[in-house]
>>> print(open('query-v8.txt').read())   # compact mmCIF, C-alpha atoms
# COMPACT_ATOMS: atom_id res chain seq x y z
CA MET A 1 -36.99 9.61 13.20
CA THR A 2 -34.36 6.86 13.14
CA THR A 3 -36.36 5.11 10.45
CA THR A 4 -36.42 8.25 8.30
CA LEU A 5 -32.67 8.60 8.74
CA PHE A 6 -32.20 5.04 7.52
CA TYR A 7 -34.10 5.73 4.33
CA ILE A 8 -32.11 8.92 3.76
CA ILE A 9 -28.85 6.97 4.20
CA ALA A 10 -30.09 4.20 1.93
CA GLY A 11 -31.13 6.71 -0.73
CA VAL A 12 -27.78 8.52 -0.61
CA THR A 13 -25.96 5.18 -0.78
CA ALA A 14 -27.91 3.96 -3.80
CA ALA A 15 -27.68 7.32 -5.60
CA SER A 16 -23.94 7.66 -5.07
CA ALA A 17 -23.45 4.04 -6.16
CA LEU A 18 -25.30 4.85 -9.38
CA LEU A 19 -23.16 7.95 -9.90
CA ALA A 20 -19.99 5.97 -9.13
CA VAL A 21 -20.68 3.57 -11.98
CA THR A 22 -22.03 6.06 -14.55
CA LEU A 23 -19.93 9.23 -14.26
CA ARG A 24 -17.32 9.77 -16.95
CA ASN A 25 -14.65 11.34 -14.78
CA LEU A 26 -12.89 8.46 -13.03
CA PHE A 27 -11.80 10.60 -10.11
CA HIS A 28 -15.40 11.63 -9.37
CA CYS A 29 -16.34 7.95 -9.60
CA ALA A 30 -13.80 7.11 -6.89
CA LEU A 31 -15.08 9.90 -4.61
CA PHE A 32 -18.68 8.75 -5.02
CA LEU A 33 -17.52 5.20 -4.30
CA ALA A 34 -16.11 6.50 -1.00
CA LEU A 35 -19.49 8.12 -0.23
CA THR A 36 -21.19 4.80 -1.01
CA MET A 37 -18.87 3.02 1.41
CA PHE A 38 -19.73 5.58 4.10
CA GLY A 39 -23.41 4.92 3.46
CA VAL A 40 -22.91 1.16 3.69
CA SER A 41 -21.14 1.73 7.00
CA GLY A 42 -24.21 3.62 8.22
CA VAL A 43 -26.42 0.72 7.12
CA PHE A 44 -24.17 -1.62 9.14
CA LEU A 45 -24.94 0.55 12.19
CA TYR A 46 -28.64 0.04 11.55
CA LEU A 47 -27.97 -3.70 11.39
CA GLY A 48 -26.54 -3.48 14.92
CA ASN A 49 -22.92 -4.09 13.99
CA GLU A 50 -20.82 -1.13 15.12
CA PHE A 51 -17.49 -2.94 14.86
CA LEU A 52 -18.00 -3.87 11.22
CA ALA A 53 -19.20 -0.33 10.49
CA ALA A 54 -15.89 0.98 11.83
CA VAL A 55 -13.97 -1.67 9.88
CA GLN A 56 -15.89 -0.69 6.77
CA VAL A 57 -14.82 2.94 7.12
CA LEU A 58 -11.20 1.99 7.92
CA ILE A 59 -10.73 -0.53 5.12
CA TYR A 60 -12.98 0.67 2.31
CA VAL A 61 -12.92 4.44 2.76
CA GLY A 62 -9.44 4.53 4.24
CA ALA A 63 -7.61 1.92 2.23
CA VAL A 64 -9.41 0.62 -0.86
CA THR A 65 -10.58 4.04 -2.09
CA VAL A 66 -7.13 5.52 -1.55
CA LEU A 67 -5.63 2.55 -3.40
CA ILE A 68 -8.07 3.11 -6.28
CA ILE A 69 -7.25 6.83 -6.40
CA PHE A 70 -3.55 5.90 -6.50
CA GLY A 71 -4.34 3.59 -9.38
CA ILE A 72 -6.17 6.39 -11.20
CA MET A 73 -3.22 8.74 -10.66
CA LEU A 74 -0.66 6.18 -11.83
CA THR A 75 -2.60 5.38 -15.00
CA ARG A 76 -3.22 9.05 -15.78
CA ASN A 77 -4.21 10.46 -19.18
CA VAL A 78 -5.99 7.26 -20.13
CA MET A 79 -9.49 8.65 -20.04
CA GLU A 80 -9.13 11.76 -22.17
CA GLU A 81 -12.11 13.85 -23.16
CA GLY A 82 -13.90 12.38 -26.14
CA THR A 83 -13.25 8.74 -25.34
CA ARG A 84 -16.28 6.68 -24.42
CA ALA A 85 -16.58 5.40 -20.87
CA LEU A 86 -18.73 2.41 -21.83
CA ASN A 87 -17.92 -0.40 -24.22
CA GLY A 88 -20.15 -1.78 -26.97
CA GLN A 89 -22.18 -4.03 -24.71
CA ALA A 90 -23.50 -1.23 -22.47
CA PHE A 91 -27.12 -1.85 -23.49
CA LEU A 92 -26.82 -5.59 -22.83
CA ALA A 93 -25.19 -4.81 -19.48
CA VAL A 94 -28.11 -2.58 -18.46
CA LEU A 95 -30.47 -5.33 -19.53
CA THR A 96 -28.55 -7.95 -17.53
CA ALA A 97 -28.42 -5.81 -14.40
CA ALA A 98 -32.15 -4.98 -14.64
CA ALA A 99 -33.04 -8.64 -15.23
CA PHE A 100 -30.91 -9.62 -12.23
CA LEU A 101 -32.67 -7.04 -10.09
CA TRP A 102 -36.06 -8.35 -11.27
CA VAL A 103 -35.11 -11.95 -10.45
CA LEU A 104 -33.96 -10.88 -6.98
CA HIS A 105 -37.25 -9.01 -6.47
CA GLN A 106 -39.26 -12.07 -7.47
CA ALA A 107 -37.20 -14.32 -5.20
CA LEU A 108 -37.63 -11.84 -2.34
CA CYS A 109 -41.41 -11.82 -2.78
CA LEU A 110 -41.45 -15.62 -2.40
CA SER A 111 -39.05 -15.76 0.55
CA PRO A 112 -39.78 -15.34 4.28
CA PHE A 113 -38.04 -11.94 4.03
CA ARG A 114 -40.79 -10.39 1.86
CA PRO A 115 -41.71 -6.78 2.70
CA ASP A 116 -45.00 -7.65 4.40
CA GLY A 117 -43.37 -10.44 6.42
CA PRO A 118 -42.36 -10.25 10.08
CA THR A 119 -39.90 -7.48 10.95
CA GLN A 120 -37.05 -7.46 13.41
CA ALA A 121 -36.54 -4.75 15.99
CA LEU A 122 -33.47 -2.56 15.72
CA ALA A 123 -30.61 -3.34 18.05
CA THR A 124 -31.31 -1.63 21.34
CA VAL A 125 -28.80 0.50 23.21
CA ALA A 126 -28.12 -2.36 25.61
CA ASN A 127 -26.74 -4.40 22.71
CA TYR A 128 -24.04 -1.87 21.78
CA GLY A 129 -20.62 -3.46 21.87
CA ALA A 130 -22.04 -6.96 22.01
CA ASP A 131 -20.93 -7.68 18.44
CA VAL A 132 -17.24 -7.16 19.24
CA ASN A 133 -17.44 -9.45 22.26
CA ALA A 134 -19.14 -12.12 20.17
CA LEU A 135 -16.98 -11.81 17.05
CA GLY A 136 -13.64 -12.83 18.56
CA PRO A 137 -14.82 -16.15 20.05
CA ALA A 138 -16.89 -16.82 16.93
CA LEU A 139 -13.75 -16.50 14.79
CA LEU A 140 -11.25 -18.28 17.00
CA LEU A 141 -12.98 -20.89 19.18
CA PRO A 142 -12.23 -24.30 17.63
CA GLN A 143 -15.79 -25.60 18.03
CA ASN A 144 -17.09 -22.90 15.69
CA GLY A 145 -14.99 -24.22 12.83
CA PHE A 146 -13.70 -20.89 11.55
CA VAL A 147 -10.15 -21.21 12.88
CA PHE A 148 -8.76 -22.83 9.76
CA ALA A 149 -10.46 -20.30 7.49
CA PHE A 150 -9.14 -17.47 9.69
CA GLU A 151 -5.53 -18.69 9.46
CA PHE A 152 -5.93 -19.46 5.78
CA VAL A 153 -7.21 -15.97 5.05
CA SER A 154 -4.26 -14.41 6.87
CA VAL A 155 -1.83 -16.46 4.78
CA LEU A 156 -3.78 -15.48 1.67
CA LEU A 157 -3.51 -11.79 2.62
CA LEU A 158 0.26 -12.16 2.93
CA ALA A 159 0.45 -13.98 -0.42
CA ALA A 160 -1.67 -11.28 -2.08
CA LEU A 161 0.59 -8.58 -0.63
CA VAL A 162 3.79 -10.24 -1.90
CA GLY A 163 2.12 -11.05 -5.22
CA ALA A 164 0.99 -7.46 -5.70
CA ILE A 165 4.53 -6.18 -5.11
CA VAL A 166 6.00 -8.73 -7.53
CA VAL A 167 3.44 -8.01 -10.25
CA ALA A 168 3.67 -4.21 -10.01
CA ARG A 169 7.49 -4.14 -9.79
CA LYS A 170 9.46 -2.78 -12.71
CA ASP A 171 11.03 -5.53 -14.79
CA PRO A 172 14.81 -5.34 -14.22
CA SER A 173 15.66 -6.51 -17.72
CA MET B 1 -38.25 1.37 18.91
CA SER B 2 -38.78 1.74 15.20
CA THR B 3 -38.43 -1.24 12.94
CA ILE B 4 -37.16 -1.58 9.40
CA PRO B 5 -38.19 -4.68 7.44
CA THR B 6 -35.34 -6.98 6.44
CA ALA B 7 -36.60 -6.69 2.87
CA HIS B 8 -35.57 -3.04 2.64
CA PHE B 9 -31.97 -3.91 3.50
CA LEU B 10 -32.12 -6.65 0.89
CA TYR B 11 -33.47 -4.23 -1.74
CA LEU B 12 -30.64 -1.79 -1.04
CA ALA B 13 -28.13 -4.64 -1.34
CA ALA B 14 -29.73 -5.80 -4.60
CA LEU B 15 -29.49 -2.27 -6.01
CA LEU B 16 -25.80 -2.00 -5.08
CA PHE B 17 -25.10 -5.42 -6.60
CA SER B 18 -26.91 -4.52 -9.83
CA PHE B 19 -25.03 -1.24 -10.19
CA GLY B 20 -21.77 -3.09 -9.60
CA LEU B 21 -22.72 -5.74 -12.14
CA PHE B 22 -23.43 -3.03 -14.70
CA ALA B 23 -20.04 -1.42 -14.06
CA ALA B 24 -18.19 -4.74 -14.27
CA LEU B 25 -19.88 -5.57 -17.58
CA ALA B 26 -20.04 -2.22 -19.36
CA ARG B 27 -17.21 0.06 -18.26
CA LYS B 28 -14.13 0.30 -20.44
CA ASN B 29 -11.61 1.33 -17.81
CA ALA B 30 -10.22 -1.53 -15.74
CA ILE B 31 -10.31 0.59 -12.58
CA SER B 32 -14.05 1.18 -13.09
CA VAL B 33 -14.53 -2.58 -13.38
CA LEU B 34 -12.68 -2.98 -10.09
CA MET B 35 -14.96 -0.37 -8.48
CA GLY B 36 -17.97 -2.30 -9.73
CA ILE B 37 -16.68 -5.48 -8.11
CA GLU B 38 -16.15 -3.66 -4.82
CA LEU B 39 -19.75 -2.40 -5.01
CA MET B 40 -21.01 -5.95 -5.55
CA LEU B 41 -19.06 -7.20 -2.54
CA ASN B 42 -20.56 -4.43 -0.41
CA GLY B 43 -24.05 -5.43 -1.47
CA VAL B 44 -23.27 -8.99 -0.42
CA ASN B 45 -22.02 -7.75 2.97
CA ILE B 46 -25.28 -5.89 3.61
CA ASN B 47 -27.17 -9.06 2.70
CA LEU B 48 -25.13 -11.21 5.09
CA LEU B 49 -25.64 -8.85 8.02
CA ALA B 50 -29.34 -8.40 7.23
CA PHE B 51 -29.87 -12.17 7.27
CA ALA B 52 -27.86 -12.49 10.50
CA ARG B 53 -30.06 -9.86 12.14
CA HIS B 54 -33.22 -11.45 10.79
CA TRP B 55 -32.44 -14.77 12.47
CA GLY B 56 -31.77 -13.20 15.84
CA PRO B 57 -29.51 -10.68 17.57
CA ASP B 58 -27.19 -13.41 18.91
CA ASN B 59 -26.29 -14.58 15.43
CA VAL B 60 -22.66 -13.69 14.69
CA THR B 61 -21.99 -16.03 11.77
CA GLY B 62 -23.05 -13.30 9.34
CA GLY B 63 -20.50 -10.96 10.90
CA VAL B 64 -17.78 -13.62 10.62
CA PHE B 65 -18.52 -14.01 6.92
CA VAL B 66 -18.44 -10.25 6.44
CA VAL B 67 -14.96 -10.18 8.03
CA PHE B 68 -13.80 -12.79 5.51
CA VAL B 69 -15.40 -10.98 2.57
CA ILE B 70 -13.79 -7.66 3.56
CA THR B 71 -10.38 -9.37 3.88
CA LEU B 72 -10.70 -10.99 0.47
CA ALA B 73 -11.90 -7.71 -1.07
CA ALA B 74 -8.84 -5.90 0.26
CA ALA B 75 -6.50 -8.60 -1.09
CA GLU B 76 -8.33 -8.57 -4.41
CA ALA B 77 -8.09 -4.79 -4.71
CA ALA B 78 -4.33 -4.85 -4.08
CA VAL B 79 -3.65 -7.59 -6.63
CA ALA B 80 -6.02 -6.09 -9.22
CA LEU B 81 -4.40 -2.67 -9.01
CA ALA B 82 -0.94 -4.25 -9.31
CA ILE B 83 -2.11 -6.05 -12.46
CA ILE B 84 -3.64 -2.82 -13.81
CA ILE B 85 -0.36 -0.95 -13.26
CA ALA B 86 1.60 -3.74 -14.96
CA ILE B 87 -0.80 -3.67 -17.93
CA TYR B 88 -0.55 0.12 -18.12
CA ARG B 89 3.25 -0.16 -18.28
CA GLN B 90 2.99 -2.75 -21.05
CA MET B 91 0.27 -1.21 -23.21
CA LYS B 92 0.07 2.50 -22.20
CA GLY B 93 -3.62 2.04 -21.44
CA VAL B 94 -6.01 0.23 -19.14
CA ASN B 95 -8.90 -0.32 -21.53
CA VAL B 96 -10.14 -3.86 -20.87
CA ASP B 97 -11.30 -4.23 -24.49
CA GLU B 98 -7.74 -3.91 -25.76
CA VAL B 99 -6.15 -6.34 -23.32
CA LYS B 100 -6.39 -9.51 -25.36
CA PHE B 101 -2.84 -10.72 -25.89
CA LEU B 102 -3.72 -13.97 -24.13
CA LYS B 103 -6.46 -14.65 -26.67
CA GLY B 104 -5.82 -17.81 -28.68
>>> encode(input="query-v8.txt", output="structure tokens")
Amino acid sequence: MTTTLFYIIAGVTAASALLAVTLRNLFHCALFLALTMFGVSGVFLYLGNEFLAAVQVLIYVGAVTVLIIFGIMLTRNVMEEGTRALNGQAFLAVLTAAAFLWVLHQALCLSPFRPDGPTQALATVANYGADVNALGPALLLPQNGFVFAFEFVSVLLLAALVGAIVVARKDPS
Amino acid sequence: MSTIPTAHFLYLAALLFSFGLFAALARKNAISVLMGIELMLNGVNINLLAFARHWGPDNVTGGVFVVFVITLAAAEAAVALAIIIAIYRQMKGVNVDEVKFLKG
């Protein structure tokens, strides 16, 4: 039952991702992107990471998709009917993406993660919440070595915020 | 308890990454390109967590990397949309084919 649900979620995620990159109407693309993010959040649950599933919904569905929809609204009337959604290298792009997928498939078949290899059990109910308890120390204990990256990323977030405001601001002159 | 092979997570991630790659290469609208990049980052996140689970339930390094990737994706989305809005103001369009005033 839970396995079936996973494949349904995975199918919906992949299908909505395909629609998000191929539909002509940009607004529909953004909505299907939100559905994809929801699906990815469900996959995170299957990977036993409830905290990151919640973060995924908060940040991607709640913030990034809204930001993208704002962007679509602010750059309105760009994609009128009759204009093409794809540029001249669409065929080459399909070829590149398919070749990339094929290479990944070949690499997967050679790796210890191949489909007929050993499988891992799903996270059991007793493990729920364990990821949050483990994530904080993993990020901030000095012996794990992520403290500098953590602080650096917070400074980078601030710089990106200020930079975004400066770039998007109307030129006073 | 039912089990799902790690490979199936990896295939889903590969599909998401390929779709994102296609969007980043072939779409005309800059916002579509941005959506493609977000899709690629999501595929990478699934990969990281799948590998972390494969090597044992106590492995949190994958989760730590996902936190960093999500943070960078949020920062990237904010800056990219600011640039897109600035370009729209300058050129009255966000077609990436036409943005070439830096070309030598």
>>> closest_residue(input="query-v8.txt", among="A:Leu23, A:Ile8, A:Ala85, A:Val55", to="chain B", atoms="all atoms listed in the file")
A:Ala85
>>> interface_residues(input="query-v8.txt", of="chain A", to="chain B", cutoff="7 Å", atoms="all atoms listed in the file", output="ChimeraX atom specification")
/A:3,10,14,17-18,21,47,64,71,75,78,85-87,89-90,93-94,97,100-101,113-115,119-122,134-135,138-139,157,160,163-164,167-168
>>> atom_distance(input="query-v8.txt", atom1="atom CA of A:Ala34", atom2="atom CA of A:Thr4")
22.4 Å
>>> axis_aligned_box(input="query-v8.txt", around="stretch 57-63 of chain A", padding_each_side="3 Å", output="JSON")
{"center_x": -11.2, "center_y": 2.0, "center_z": 5.1, "size_x": 13.2, "size_y": 11.1, "size_z": 11.7}
>>> atom_distance(input="query-v8.txt", atom1="atom CA of A:Pro137", atom2="atom CA of A:Val162")
29.4 Å
